[in-house]
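Participant: The file below is entry-v5.pdb, PDB, C-alpha atoms:
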ATOM      1  CA  MET A   1       2.666  -4.524  14.950  1.00  0.00           C
ATOM      2  CA  ASN A   2       1.125  -3.822  11.554  1.00  0.00           C
ATOM      3  CA  ASN A   3       2.508  -6.037   8.765  1.00  0.00           C
ATOM      4  CA  VAL A   4       0.309  -4.556   6.028  1.00  0.00           C
ATOM      5  CA  LEU A   5       2.522  -3.354   3.188  1.00  0.00           C
ATOM      6  CA  LEU A   6      -0.127  -2.522   0.585  1.00  0.00           C
ATOM      7  CA  GLU A   7      -3.727  -1.652   1.318  1.00  0.00           C
ATOM      8  CA  VAL A   8      -6.253  -0.867  -1.394  1.00  0.00           C
ATOM      9  CA  LYS A   9      -9.573   0.478  -0.103  1.00  0.00           C
ATOM     10  CA  ASP A  10     -12.705   0.718  -2.276  1.00  0.00           C
ATOM     11  CA  LEU A  11     -10.683   1.532  -5.385  1.00  0.00           C
ATOM     12  CA  GLU A  12     -12.609   2.724  -8.411  1.00  0.00           C
ATOM     13  CA  THR A  13     -10.944   3.766 -11.654  1.00  0.00           C
ATOM     14  CA  SER A  14     -12.756   5.517 -14.477  1.00  0.00           C
ATOM     15  CA  LEU A  15     -11.667   5.934 -18.078  1.00  0.00           C
ATOM     16  CA  LYS A  16     -12.811   8.672 -20.409  1.00  0.00           C
ATOM     17  CA  ILE A  17     -14.564   7.053 -23.360  1.00  0.00           C
ATOM     18  CA  ASN A  18     -16.387   9.179 -25.946  1.00  0.00           C
ATOM     19  CA  ASN A  19     -16.092  12.206 -23.612  1.00  0.00           C
ATOM     20  CA  GLU A  20     -17.824  10.353 -20.753  1.00  0.00           C
ATOM     21  CA  TRP A  21     -16.292   8.855 -17.622  1.00  0.00           C
ATOM     22  CA  LEU A  22     -16.928   5.115 -17.361  1.00  0.00           C
ATOM     23  CA  ALA A  23     -16.063   3.144 -14.210  1.00  0.00           C
ATOM     24  CA  THR A  24     -13.869   0.271 -15.372  1.00  0.00           C
ATOM     25  CA  VAL A  25     -12.692  -1.061 -12.002  1.00  0.00           C
ATOM     26  CA  GLU A  26     -15.086  -0.803  -9.058  1.00  0.00           C
ATOM     27  CA  ASN A  27     -15.035  -1.488  -5.315  1.00  0.00           C
ATOM     28  CA  ILE A  28     -11.666  -3.240  -5.116  1.00  0.00           C
ATOM     29  CA  SER A  29     -10.292  -3.733  -1.612  1.00  0.00           C
ATOM     30  CA  PHE A  30      -7.461  -5.928  -0.358  1.00  0.00           C
ATOM     31  CA  GLU A  31      -4.488  -5.991   1.994  1.00  0.00           C
ATOM     32  CA  LEU A  32      -1.090  -7.433   1.231  1.00  0.00           C
ATOM     33  CA  SER A  33       1.263  -8.125   4.140  1.00  0.00           C
ATOM     34  CA  LYS A  34       5.049  -8.008   4.056  1.00  0.00           C
ATOM     35  CA  GLY A  35       6.393 -11.198   2.500  1.00  0.00           C
ATOM     36  CA  GLU A  36       3.187 -12.005   0.630  1.00  0.00           C
ATOM     37  CA  VAL A  37       2.871 -12.139  -3.146  1.00  0.00           C
ATOM     38  CA  LEU A  38      -0.306 -11.226  -4.999  1.00  0.00           C
ATOM     39  CA  GLY A  39      -1.168 -12.709  -8.374  1.00  0.00           C
ATOM     40  CA  ILE A  40      -4.136 -11.208 -10.200  1.00  0.00           C
ATOM     41  CA  VAL A  41      -5.791 -13.682 -12.551  1.00  0.00           C
ATOM     42  CA  GLY A  42      -8.865 -13.216 -14.714  1.00  0.00           C
ATOM     43  CA  GLU A  43     -10.336 -13.233 -18.163  1.00  0.00           C
ATOM     44  CA  SER A  44      -9.078 -10.945 -20.881  1.00  0.00           C
ATOM     45  CA  GLY A  45     -10.515  -7.466 -20.443  1.00  0.00           C
ATOM     46  CA  CYS A  46     -11.661  -7.961 -16.839  1.00  0.00           C
ATOM     47  CA  GLY A  47      -9.542  -5.098 -15.470  1.00  0.00           C
ATOM     48  CA  LYS A  48      -6.334  -6.733 -14.199  1.00  0.00           C
ATOM     49  CA  SER A  49      -4.014  -4.276 -15.929  1.00  0.00           C
ATOM     50  CA  ILE A  50      -6.239  -1.268 -15.197  1.00  0.00           C
ATOM     51  CA  LEU A  51      -6.234  -2.200 -11.499  1.00  0.00           C
ATOM     52  CA  SER A  52      -2.469  -2.699 -11.348  1.00  0.00           C
ATOM     53  CA  LYS A  53      -1.696   0.474 -13.263  1.00  0.00           C
ATOM     54  CA  SER A  54      -4.167   2.412 -11.102  1.00  0.00           C
ATOM     55  CA  ILE A  55      -2.400   1.369  -7.922  1.00  0.00           C
ATOM     56  CA  ILE A  56       0.931   2.833  -9.068  1.00  0.00           C
ATOM     57  CA  LYS A  57      -0.627   5.592 -11.194  1.00  0.00           C
ATOM     58  CA  LEU A  58       0.671   4.485 -14.595  1.00  0.00           C
ATOM     59  CA  LEU A  59      -2.495   5.362 -16.534  1.00  0.00           C
ATOM     60  CA  PRO A  60      -2.539   8.584 -18.597  1.00  0.00           C
ATOM     61  CA  GLU A  61      -4.148  11.369 -16.544  1.00  0.00           C
ATOM     62  CA  LYS A  62      -6.014  12.814 -19.529  1.00  0.00           C
ATOM     63  CA  ILE A  63      -8.134   9.703 -19.953  1.00  0.00           C
ATOM     64  CA  SER A  64      -8.161   8.134 -16.495  1.00  0.00           C
ATOM     65  CA  LYS A  65      -8.896   9.036 -12.905  1.00  0.00           C
ATOM     66  CA  LEU A  66      -9.179   7.428  -9.520  1.00  0.00           C
ATOM     67  CA  SER A  67     -12.878   8.023  -8.907  1.00  0.00           C
ATOM     68  CA  ASN A  68     -12.889   6.632  -5.401  1.00  0.00           C
ATOM     69  CA  GLY A  69     -10.748   4.882  -2.852  1.00  0.00           C
ATOM     70  CA  GLU A  70      -7.296   4.953  -1.341  1.00  0.00           C
ATOM     71  CA  VAL A  71      -3.985   3.229  -1.971  1.00  0.00           C
ATOM     72  CA  ILE A  72      -1.721   2.977   1.073  1.00  0.00           C
ATOM     73  CA  PHE A  73       1.810   1.628   0.708  1.00  0.00           C
ATOM     74  CA  ASP A  74       3.980   1.014   3.765  1.00  0.00           C
ATOM     75  CA  GLY A  75       1.712   3.226   5.867  1.00  0.00           C
ATOM     76  CA  LYS A  76       1.759   6.147   3.416  1.00  0.00           C
ATOM     77  CA  ARG A  77      -1.073   7.118   1.115  1.00  0.00           C
ATOM     78  CA  ILE A  78       0.338   7.046  -2.442  1.00  0.00           C
ATOM     79  CA  ASP A  79      -2.734   7.742  -4.581  1.00  0.00           C
ATOM     80  CA  THR A  80      -2.348  11.448  -3.781  1.00  0.00           C
ATOM     81  CA  LEU A  81       1.364  11.685  -4.646  1.00  0.00           C
ATOM     82  CA  ASN A  82       2.618  13.614  -7.660  1.00  0.00           C
ATOM     83  CA  GLU A  83       4.731  12.068 -10.426  1.00  0.00           C
ATOM     84  CA  LYS A  84       8.059  13.104  -8.895  1.00  0.00           C
ATOM     85  CA  GLN A  85       7.144  11.573  -5.539  1.00  0.00           C
ATOM     86  CA  LEU A  86       5.955   8.377  -7.231  1.00  0.00           C
ATOM     87  CA  LEU A  87       9.251   7.995  -9.087  1.00  0.00           C
ATOM     88  CA  ASP A  88      10.971   7.550  -5.724  1.00  0.00           C
ATOM     89  CA  ILE A  89       8.945   4.421  -4.917  1.00  0.00           C
ATOM     90  CA  ARG A  90       8.209   2.926  -8.355  1.00  0.00           C
ATOM     91  CA  GLY A  91      10.669   0.203  -9.253  1.00  0.00           C
ATOM     92  CA  ASN A  92      12.501   0.449  -5.922  1.00  0.00           C
ATOM     93  CA  ASP A  93       9.693  -0.345  -3.505  1.00  0.00           C
ATOM     94  CA  ILE A  94       6.693  -1.293  -5.633  1.00  0.00           C
ATOM     95  CA  ALA A  95       6.578  -2.691  -9.154  1.00  0.00           C
ATOM     96  CA  MET A  96       4.360  -4.398 -11.684  1.00  0.00           C
ATOM     97  CA  ILE A  97       5.219  -7.303 -13.958  1.00  0.00           C
ATOM     98  CA  PHE A  98       3.590  -6.323 -17.223  1.00  0.00           C
ATOM     99  CA  GLN A  99       1.462  -8.790 -19.108  1.00  0.00           C
ATOM    100  CA  GLU A 100       3.286 -10.206 -22.119  1.00  0.00           C
ATOM    101  CA  PRO A 101       0.841 -11.790 -24.588  1.00  0.00           C
ATOM    102  CA  MET A 102       3.430 -14.146 -26.109  1.00  0.00           C
ATOM    103  CA  THR A 103       4.229 -15.730 -22.732  1.00  0.00           C
ATOM    104  CA  ALA A 104       0.756 -15.596 -21.179  1.00  0.00           C
ATOM    105  CA  LEU A 105      -1.007 -18.705 -19.949  1.00  0.00           C
ATOM    106  CA  ASN A 106      -3.006 -20.360 -22.689  1.00  0.00           C
ATOM    107  CA  PRO A 107      -6.060 -22.115 -21.228  1.00  0.00           C
TER     108      PRO A 107
END
Translate this file's structure into structure tokens.
Facilitator:
Amino acid sequence: MNNVLLEVKDLETSLKINNEWLATVENISFELSKGEVLGIVGESGCGKSILSKSIIKLLPEKISKLSNGEVIFDGKRIDTLNEKQLLDIRGNDIAMIFQEPMTALNP
């Protein structure tokens, strides 16, 4: 029995900066099983939000693209879904807790 709920394979996200595509998140792979919780921690600007938004395709298409990799949720590849299809799973099945600067950890 496969308990993997979310699988990210070799994810790479690029952003368009000054009319050039720049890889901002590279070679990210992980599996998350049912019942597990994933917390992504890192320095400011290291790509936490870009990674999370890439997984559920919340970045603007004009300035971002998934350059490489796959995102599989509950056995179904979701990185190839259109906006309408994504709306069916966002919020109901998969969600992101957005970073709030006023309540963030202060090292």
Participant: Hey, what's within 9 Å of stretch 55-65 of chain A if we count all atoms listed in the file and toss same-chain stuff fewer than 5 positions away? As a list in words, please?
Facilitator: Val8, Leu11, Glu12, Thr13, Ser14, Leu15, Lys16, Ile17, Trp21, Ile50, Glu70, Val71, Ile78, Asp79, Glu83, Leu86, Arg90, Ile94, Ala95 and Met96 of chain A
Participant: Give me, please, the distance in Å between atom CA of A:Val4 and atom CA of A:Glu43, quoted to one decimal.
Facilitator: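 Result for atom CA of A:Val4 versus atom CA of A:Glu43: 27.8 Å, one decimal.
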Participant: Might you pull out every residue within 12 Å of A:Lys9, with only C-alpha atoms counted and same-chain residues fewer than 2 positions away left off, and present them as a PyMOL selection string?
Facilitator: chain A and resi 6-7+11-12+26-32+55+66+68-73+77+79
Participant: What is the distance between atom CA of A:Asn3 and atom CA of A:Lys34, in Å to one decimal?
Facilitator: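 That distance, rounded to one decimal, is 5.7 Å.
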Participant: Evaluating the PyMOL selection byres ((chain A and resi 49) around 10) on the displayed file yields which residues, as a PyMOL selection string?
Facilitator: chain A and resi 40+44-48+50-55+59+96-99
Participant: Quick check, in Å to one decimal: how far apart do atom CA of A:Asp10 and atom CA of A:Asp74 lie?
Facilitator: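 Computing the Euclidean distance for atom CA of A:Asp10 and atom CA of A:Asp74 yields 17.7 Å.
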